[in-house]
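Structure file work-v2.txt with compact mmCIF, C-alpha atoms:
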# COMPACT_ATOMS: atom_id res chain seq x y z
CA MET A 1 -37.97 13.65 41.59
CA ASN A 2 -36.04 12.16 38.67
CA ALA A 3 -35.46 8.44 38.65
CA LEU A 4 -31.92 7.11 38.69
CA ILE A 5 -30.58 6.32 35.27
CA ASP A 6 -31.54 2.97 33.78
CA PRO A 7 -28.43 0.73 34.19
CA ARG A 8 -29.06 -0.75 30.74
CA LYS A 9 -28.48 2.60 29.07
CA PHE A 10 -25.18 3.86 27.65
CA GLN A 11 -23.55 0.43 27.75
CA ASN A 12 -23.13 -0.47 24.08
CA PRO A 13 -21.40 2.12 21.85
CA LEU A 14 -23.33 0.87 18.83
CA LEU A 15 -26.83 0.23 20.19
CA THR A 16 -29.13 1.80 22.76
CA ALA A 17 -30.83 -0.19 25.52
CA LYS A 18 -33.82 -0.55 23.18
CA GLY A 19 -31.64 -2.01 20.43
CA GLU A 20 -31.75 1.08 18.23
CA LYS A 21 -28.69 2.37 16.39
CA ARG A 22 -26.88 4.87 18.56
CA ALA A 23 -26.22 8.29 17.06
CA SER A 24 -22.71 9.28 16.08
CA VAL A 25 -21.17 12.65 15.38
CA PHE A 26 -18.77 12.77 12.45
CA PHE A 27 -15.85 15.18 12.50
CA LYS A 28 -16.48 18.12 10.18
CA ASP A 29 -13.81 20.77 10.72
CA LEU A 30 -11.48 21.88 13.50
CA THR A 31 -12.63 25.26 14.77
CA THR A 32 -11.49 24.99 18.42
CA LEU A 33 -8.59 23.07 19.91
CA TRP A 34 -8.72 22.92 23.69
CA PHE A 35 -5.68 22.45 25.90
CA ASN A 36 -6.13 21.43 29.52
CA SER A 37 -3.42 23.34 31.37
CA GLY A 38 -3.55 20.96 34.37
CA SER A 39 -6.11 19.88 36.94
CA LEU A 40 -4.79 21.92 39.86
CA CYS A 41 -7.01 24.80 40.97
CA ASN A 42 -6.81 27.34 43.76
CA ILE A 43 -10.33 26.41 44.89
CA GLU A 44 -12.53 23.32 44.97
CA CYS A 45 -16.00 23.81 43.56
CA ALA A 46 -18.95 21.82 44.85
CA ASN A 47 -19.77 20.51 41.36
CA CYS A 48 -16.60 20.78 39.29
CA TYR A 49 -16.99 19.32 35.79
CA ILE A 50 -13.44 18.01 35.81
CA LYS A 51 -12.83 17.41 39.55
CA SER A 52 -10.19 20.11 39.90
CA SER A 53 -8.93 21.17 43.32
CA PRO A 54 -5.78 22.37 45.12
CA THR A 55 -4.61 18.75 45.26
CA ALA A 56 -5.96 17.33 41.97
CA ASP A 57 -3.14 15.99 39.82
CA HIS A 58 -4.85 13.65 37.36
CA PHE A 59 -3.76 16.11 34.66
CA VAL A 60 -0.24 17.50 35.00
CA TYR A 61 0.88 20.92 33.81
CA LEU A 62 1.02 21.18 30.04
CA THR A 63 4.35 22.49 28.75
CA PRO A 64 5.37 24.33 25.57
CA GLU A 65 7.02 21.11 24.39
CA ASP A 66 3.69 19.30 24.82
CA MET A 67 1.76 21.95 22.90
CA ALA A 68 4.06 22.63 19.96
CA PRO A 69 3.37 19.39 17.97
CA TYR A 70 -0.37 20.10 17.98
CA LEU A 71 0.14 23.61 16.66
CA ASP A 72 2.29 22.09 13.92
CA GLU A 73 -0.45 19.56 13.16
CA ILE A 74 -3.02 22.32 12.74
CA ASP A 75 -0.83 23.74 9.99
CA GLU A 76 -0.05 20.35 8.45
CA LEU A 77 -3.74 19.40 8.29
CA GLY A 78 -4.61 22.74 6.68
CA TYR A 79 -7.00 24.10 9.28
CA GLY A 80 -5.59 27.61 9.16
CA GLN A 81 -6.25 30.04 11.99
CA ILE A 82 -8.65 28.65 14.57
CA GLU A 83 -9.56 29.21 18.21
CA ILE A 84 -7.06 27.89 20.76
CA ALA A 85 -8.72 27.55 24.16
CA PHE A 86 -7.29 26.81 27.58
CA THR A 87 -9.12 25.28 30.49
CA GLY A 88 -8.07 23.63 33.73
CA GLY A 89 -8.00 23.54 36.73
CA GLU A 90 -7.08 27.19 36.87
CA PRO A 91 -4.86 27.95 33.89
CA TYR A 92 -2.95 30.72 35.66
CA LEU A 93 -1.52 28.24 38.14
CA ASN A 94 0.43 26.66 35.27
CA PRO A 95 3.87 28.34 35.25
CA HIS A 96 3.97 28.04 31.44
CA MET A 97 0.60 29.68 30.84
CA ILE A 98 1.88 32.95 29.40
CA ARG A 99 4.25 31.20 27.01
CA LEU A 100 1.52 28.75 25.98
CA SER A 101 -0.76 31.70 25.23
CA GLU A 102 1.98 33.45 23.31
CA MET A 103 2.62 30.35 21.19
CA ALA A 104 -1.01 30.31 20.06
CA LEU A 105 -1.04 34.04 19.32
CA GLU A 106 2.25 33.88 17.40
CA ARG A 107 0.58 31.49 14.96
CA GLY A 108 -2.30 33.90 14.38
CA HIS A 109 -4.92 31.93 16.30
CA ASP A 110 -7.64 33.47 18.45
CA LEU A 111 -7.12 32.77 22.14
CA LEU A 112 -9.75 31.85 24.72
CA ILE A 113 -8.78 31.32 28.36
CA LEU A 114 -11.17 30.04 31.02
CA THR A 115 -10.30 31.48 34.42
CA ASN A 116 -11.87 32.16 37.79
CA ALA A 117 -10.14 35.60 37.73
CA MET A 118 -8.95 35.08 41.28
CA LYS A 119 -5.54 35.33 42.92
CA PRO A 120 -3.51 33.20 40.46
CA MET A 121 -4.45 35.58 37.63
CA MET A 122 -3.93 38.64 39.80
CA ARG A 123 -0.30 37.98 40.71
CA PRO A 124 1.81 40.97 39.58
CA ARG A 125 4.00 38.97 37.19
CA VAL A 126 0.92 37.44 35.55
CA GLN A 127 -0.76 40.84 35.26
CA LYS A 128 2.36 42.31 33.67
CA ALA A 129 2.59 39.45 31.17
CA LEU A 130 -1.12 39.66 30.32
CA LEU A 131 -0.82 43.36 29.63
CA ASP A 132 2.14 42.68 27.36
CA LEU A 133 0.21 40.04 25.38
CA HIS A 134 -2.82 42.29 25.18
CA ALA A 135 -0.71 45.14 23.81
CA ARG A 136 0.98 42.94 21.20
CA TYR A 137 -2.11 41.01 20.13
CA PRO A 138 -5.09 43.37 20.50
CA ASP A 139 -8.52 41.82 19.95
CA LYS A 140 -7.09 38.29 19.76
CA MET A 141 -7.60 37.34 23.43
CA THR A 142 -10.82 36.54 25.29
CA LEU A 143 -10.98 35.66 28.95
CA ARG A 144 -14.06 33.71 30.00
CA VAL A 145 -14.63 34.19 33.71
CA SER A 146 -16.54 31.63 35.75
CA LEU A 147 -19.37 33.35 37.59
CA ASP A 148 -21.75 30.60 38.59
CA HIS A 149 -24.44 33.07 39.56
CA PHE A 150 -25.01 36.79 39.38
CA SER A 151 -25.36 36.98 43.17
CA GLN A 152 -22.74 36.57 45.85
CA ASP A 153 -24.77 33.91 47.65
CA GLY A 154 -25.29 31.81 44.54
CA HIS A 155 -21.71 31.98 43.37
CA ASP A 156 -20.20 31.40 46.81
CA GLN A 157 -22.48 28.40 47.32
CA GLU A 158 -20.54 26.70 44.52
CA ARG A 159 -17.06 28.15 45.00
CA GLY A 160 -16.72 29.03 48.67
CA ASN A 161 -17.24 32.08 50.84
CA GLY A 162 -15.60 35.21 49.51
CA SER A 163 -15.06 33.83 46.00
CA PHE A 164 -17.53 36.21 44.37
CA ALA A 165 -15.85 39.34 45.71
CA ILE A 166 -12.41 38.13 44.65
CA ALA A 167 -13.63 37.27 41.14
CA LEU A 168 -15.26 40.68 40.77
CA LYS A 169 -11.97 42.32 41.74
CA GLY A 170 -10.25 40.37 38.97
CA MET A 171 -12.92 41.32 36.46
CA LYS A 172 -12.60 44.97 37.48
CA TRP A 173 -8.89 44.84 36.67
CA LEU A 174 -9.54 43.16 33.32
CA THR A 175 -12.20 45.75 32.46
CA GLU A 176 -9.95 48.66 33.40
CA HIS A 177 -7.38 47.33 30.93
CA ALA A 178 -9.91 46.69 28.15
CA PHE A 179 -9.60 42.92 27.95
CA LYS A 180 -12.36 41.15 26.05
CA LEU A 181 -14.53 39.27 28.58
CA ASN A 182 -17.10 36.50 28.56
CA ILE A 183 -19.01 34.98 31.47
CA ALA A 184 -19.59 31.29 32.15
CA GLY A 185 -22.56 30.72 34.47
CA ARG A 186 -24.69 27.77 35.52
CA SER A 187 -28.36 27.36 34.84
CA MET A 188 -29.04 25.40 38.05
CA PHE A 189 -29.13 28.52 40.19
CA SER A 190 -31.93 30.32 38.34
CA GLU A 191 -35.64 29.70 37.82
CA SER A 192 -35.30 30.19 34.08
CA GLU A 193 -32.79 31.29 31.48
CA LYS A 194 -34.67 34.57 31.11
CA ALA A 195 -34.39 35.27 34.84
CA ALA A 196 -30.70 34.39 34.79
CA ARG A 197 -29.96 36.74 31.90
CA ILE A 198 -31.85 39.57 33.59
CA GLY A 199 -29.80 38.96 36.74
CA TYR A 200 -26.50 38.87 34.89
CA GLY A 201 -27.54 41.95 32.92
CA THR A 202 -28.11 43.90 36.13
CA LEU A 203 -24.73 42.81 37.51
CA ILE A 204 -22.98 43.70 34.25
CA GLU A 205 -24.57 47.15 34.18
CA ASN A 206 -23.70 47.81 37.83
CA GLU A 207 -20.08 46.77 37.33
CA GLY A 208 -19.63 48.55 34.01
CA TRP A 209 -18.51 45.46 32.08
CA ASP A 210 -18.63 45.39 28.29
CA ILE A 211 -20.48 42.04 28.15
CA ASP A 212 -23.78 41.18 26.47
CA ALA A 213 -25.92 39.24 28.94
CA ASN A 214 -28.33 38.18 26.21
CA ASP A 215 -25.80 36.72 23.80
CA PRO A 216 -25.49 32.98 24.57
CA ALA A 217 -21.99 32.89 23.07
CA ILE A 218 -20.81 35.63 25.44
CA THR A 219 -22.78 34.94 28.61
CA ILE A 220 -22.84 31.16 28.54
CA LEU A 221 -25.19 29.31 30.88
CA PHE A 222 -24.22 25.67 31.21
CA PRO A 223 -26.72 22.97 32.19
CA GLU A 224 -25.79 20.76 35.12
CA MET A 225 -24.45 17.30 34.45
CA ASP A 226 -25.64 14.61 36.83
CA GLU A 227 -24.83 11.11 35.60
CA ASP A 228 -27.40 9.61 37.99
CA VAL A 229 -30.38 11.42 36.46
CA ASP A 230 -32.26 9.59 33.74
CA VAL A 231 -31.86 11.01 30.24
CA PRO A 232 -32.83 9.51 26.87
CA GLU A 233 -30.26 7.87 24.64
CA ILE A 234 -29.74 9.58 21.29
CA THR A 235 -30.51 7.55 18.18
CA ASN A 236 -30.13 8.52 14.52
CA ALA A 237 -33.85 9.28 14.46
CA CYS A 238 -33.45 11.87 17.21
CA TRP A 239 -31.75 14.39 14.94
CA GLY A 240 -34.93 14.80 12.91
CA ILE A 241 -37.30 14.55 15.86
CA LEU A 242 -35.40 17.21 17.84
CA ASP A 243 -34.53 19.31 14.78
CA VAL A 244 -30.88 19.26 15.82
CA HIS A 245 -28.03 18.71 13.36
CA PRO A 246 -25.04 16.59 14.42
CA ASP A 247 -22.70 19.22 12.98
CA SER A 248 -23.82 21.54 15.79
CA MET A 249 -22.31 19.23 18.42
CA MET A 250 -18.96 20.42 19.73
CA CYS A 251 -17.29 17.07 19.03
CA SER A 252 -17.83 17.72 15.30
CA SER A 253 -15.45 20.67 15.44
CA SER A 254 -13.30 20.52 18.56
CA ARG A 255 -10.88 18.31 20.48
CA MET A 256 -9.05 18.63 23.80
CA ILE A 257 -5.41 17.90 24.61
CA VAL A 258 -4.63 16.58 28.10
CA LYS A 259 -1.54 15.17 29.76
CA ARG A 260 -2.38 12.52 32.32
CA LYS A 261 -0.23 11.94 35.35
CA GLY A 262 2.38 9.27 34.66
CA GLU A 263 2.02 9.36 30.87
CA GLU A 264 4.90 10.36 28.63
CA LYS A 265 2.81 12.09 25.98
CA PRO A 266 -0.46 14.02 25.91
CA ALA A 267 -3.66 12.47 24.59
CA VAL A 268 -6.47 13.84 22.44
CA LEU A 269 -10.03 13.68 23.81
CA ALA A 270 -13.20 14.00 21.79
CA CYS A 271 -14.88 16.12 24.47
CA THR A 272 -13.87 18.69 27.07
CA LEU A 273 -16.29 17.15 29.58
CA LEU A 274 -15.79 13.40 29.21
CA TRP A 275 -12.22 13.40 30.45
CA ASP A 276 -12.37 10.21 32.55
CA ASP A 277 -14.14 7.87 30.11
CA PRO A 278 -11.63 5.88 28.00
CA GLN A 279 -14.00 5.56 25.05
CA PHE A 280 -13.67 9.30 24.42
CA GLU A 281 -9.87 9.25 24.24
CA THR A 282 -9.26 9.28 20.51
CA GLY A 283 -5.48 9.04 20.07
CA LYS A 284 -2.21 10.84 20.65
CA THR A 285 -2.30 13.05 17.55
CA LEU A 286 -4.97 15.20 15.95
CA LYS A 287 -4.88 13.08 12.81
CA GLU A 288 -5.68 9.97 14.85
CA SER A 289 -8.53 11.70 16.66
CA LEU A 290 -10.79 12.73 13.81
CA GLY A 291 -13.04 9.69 13.62
CA PRO A 292 -16.76 9.61 14.53
CA VAL A 293 -17.82 9.93 18.16
CA LYS A 294 -20.50 7.58 19.48
CA LEU A 295 -22.88 9.44 21.81
CA ASN A 296 -22.55 6.79 24.49
CA HIS A 297 -22.71 8.90 27.64
CA PRO A 298 -25.48 10.72 29.57
CA HIS A 299 -23.64 14.03 29.14
CA CYS A 300 -23.91 13.67 25.36
CA SER A 301 -27.68 13.71 25.76
CA LYS A 302 -28.23 16.21 28.53
CA PHE A 303 -25.46 18.72 27.94
CA CYS A 304 -25.06 18.77 24.17
CA VAL A 305 -28.04 17.32 22.27
CA LEU A 306 -30.86 18.26 24.65
CA GLY A 307 -29.13 21.11 26.51
CA GLY A 308 -27.78 22.77 23.38
CA ALA A 309 -24.62 23.74 25.22
CA SER A 310 -21.15 24.19 23.79
CA CYS A 311 -17.86 25.09 25.45
CA SER A 312 -16.84 27.04 22.35
CA ALA A 313 -18.30 30.27 21.09
If you took the structure in this file and wrote it as structure tokens, what would it be?
Amino acid sequence: MNALIDPRKFQNPLLTAKGEKRASVFFKDLTTLWFNSGSLCNIECANCYIKSSPTADHFVYLTPEDMAPYLDEIDELGYGQIEIAFTGGEPYLNPHMIRLSEMALERGHDLLILTNAMKPMMRPRVQKALLDLHARYPDKMTLRVSLDHFSQDGHDQERGNGSFAIALKGMKWLTEHAFKLNIAGRSMFSESEKAARIGYGTLIENEGWDIDANDPAITILFPEMDEDVDVPEITNACWGILDVHPDSMMCSSSRMIVKRKGEEKPAVLACTLLWDDPQFETGKTLKESLGPVKLNHPHCSKFCVLGGASCSA
């Protein structure tokens, strides 16, 4: 059994508990800009990364007026066409979601939407609007569906009884209409990554989905993030020891926009996962947010540096 994390760790943004210089990730280039659509979700997962639920309101619904300045900034800073990604909560609960998607596509960006493919996405008006976007912007949209496991029991353990069947119904509709699909799974439910990919591969074949189970950018298996489990702090020396380059960390090339309850304007976060730690809030504009990120959190170690995971493709 893992020991609880050493309370001396991850306290000083500059130094580790051993007094070594903490690693930083310098911003390289913006390839993905995430927008959190809001923290409300139609379900409550047992281990939600961002504590979404049917009553969660720490992030309010993002509006077109909130999003537009950041799209303008992308142009002003010269980043060109990038990936615009939406997460939540469940994005299709946000009443502005179709317009927000359209705004990204109108600018020529690729669009990635994380969804559970359940009832919010399957409402007739949402289906109609998705089909319209798909027809106008073919090959520019990807929907990444959360399937925590390739079995009903495993998935429903995380998301509630019946969730697996409802998600498969949504994926069937998306497949019938030739939407580009990814899968987001969790590594905790399988003995090994190889076993997980075999399981997902069988499910994909049985359901007739056009998804590659062996491509880690298409079938993405996220490590679990438990802040109470001991993980090493990352120093500058670790890059060479681990043969990992800091430019491969997602905070070198992505940011996330959120609008907190009670705040007038959105904020820019360095990470899609560290949403409740003030040290990872980097400003109100993209320009303000492009400084180095100190890897002063257990998730930096376990999820990104050691786990090799990324929310972007």
(message) One decimal, in Å: what's the spacing between CA of Phe35 in chain A and CA of Ala217 in chain A?
(response)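 Between CA of Phe35 in chain A and CA of Ala217 in chain A the gap is 19.6 Å.
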Give me, as number ranges by chain, all polymer residues having an atom no more than 10 Å from Cys41 in chain A, counting all atoms listed in the file and skipping those fewer than 3 positions away in the same chain.
A: 38, 44-45, 51-57, 88-94, 115-116, 120
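Minimum distance to Tyr70 in chain A across A:Ala267, A:Leu15, A:Leu306, A:Ile166 (counting only C-alpha atoms) occurs at A:Ala267.
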Option closest in space to Gly170 in chain A, from A:Lys119, A:His155, A:His149, A:His134 [counting all atoms listed in the file]
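For Gly170 in chain A, the nearest of the given residues is A:Lys119.
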Just the residues within 9 Å of range 197-210 of chain A, please, counting only C-alpha atoms, with nothing from its chain fewer than 2 positions along; format it as a PyMOL selection string.
chain A and resi 149-151+168+171-172+175+178+180-181+192-195+212-214+219+221
A straight line from CA of Ser101 in chain A to CA of Leu130 in chain A spans 9.5 Å
Of A:Leu286, A:Ile220, A:Leu105, A:Ile74, the one nearest to Ala196 in chain A when counting only C-alpha atoms is A:Ile220
Taking only residues of range 239-292 of chain A that have an atom at most 10 Å from an atom of range 300-303 of chain A, what is each one's shortest atom pair and its distance in Å to one decimal, using all atoms listed in the file, in chain and number order, as CSV?
residue,atom,partner,partner_atom,distance
A:Met249,CA,A:Cys300,CA,9.0
A:Cys251,CA,A:Cys300,CA,9.8
A:Cys271,CA,A:Cys300,CA,9.4
A:Leu273,CA,A:Cys300,CA,9.4
A:Leu274,CA,A:Cys300,CA,9.0
| said: Restricting the calculation to only C-alpha atoms: of A:Asp110, A:Asp156, A:Asp276, A:Asp66, which residue gets closest to Tyr137 in chain A? | reply: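 Among the listed residues, A:Asp110 lies closest to Tyr137 in chain A.
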| field | For CA of Ala165 in chain A and CA of Asn182 in chain A, the interatomic separation in Å (one decimal) | value |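 So the two atoms, CA of Ala165 in chain A and CA of Asn182 in chain A, lie 17.4 Å apart.
For Arg107 in chain A, the non-local neighbours within 10 Å, defined as residues at least 2 positions apart in the same chain or in other chains and counting all atoms listed in the file, are Leu71, Asp72, Asp75, Gly80, Gln81, Ile82, Glu102, Met103, Ala104, Leu105, His109 and Asp110 of chain A.
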Query raised in the report: In terms of the shortest atom-to-atom distance over all atoms listed in the file, which of A:Met141, A:Ile234, A:Leu133, A:Ala117 is closest to Ala184 in chain A?
Result: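 Between A:Met141, A:Ile234, A:Leu133, A:Ala117, the residue approaching Ala184 in chain A most closely is A:Ala117.
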Margin query: Every residue with an atom at most 12 Å from (-13.0, 10.4, 25.5) (file coordinates; only C-alpha atoms) is what I'm after, so could you write them as an MDAnalysis selection string?
Written below: chainID A and resid 251 255:258 267:284 289 291:297 299:300
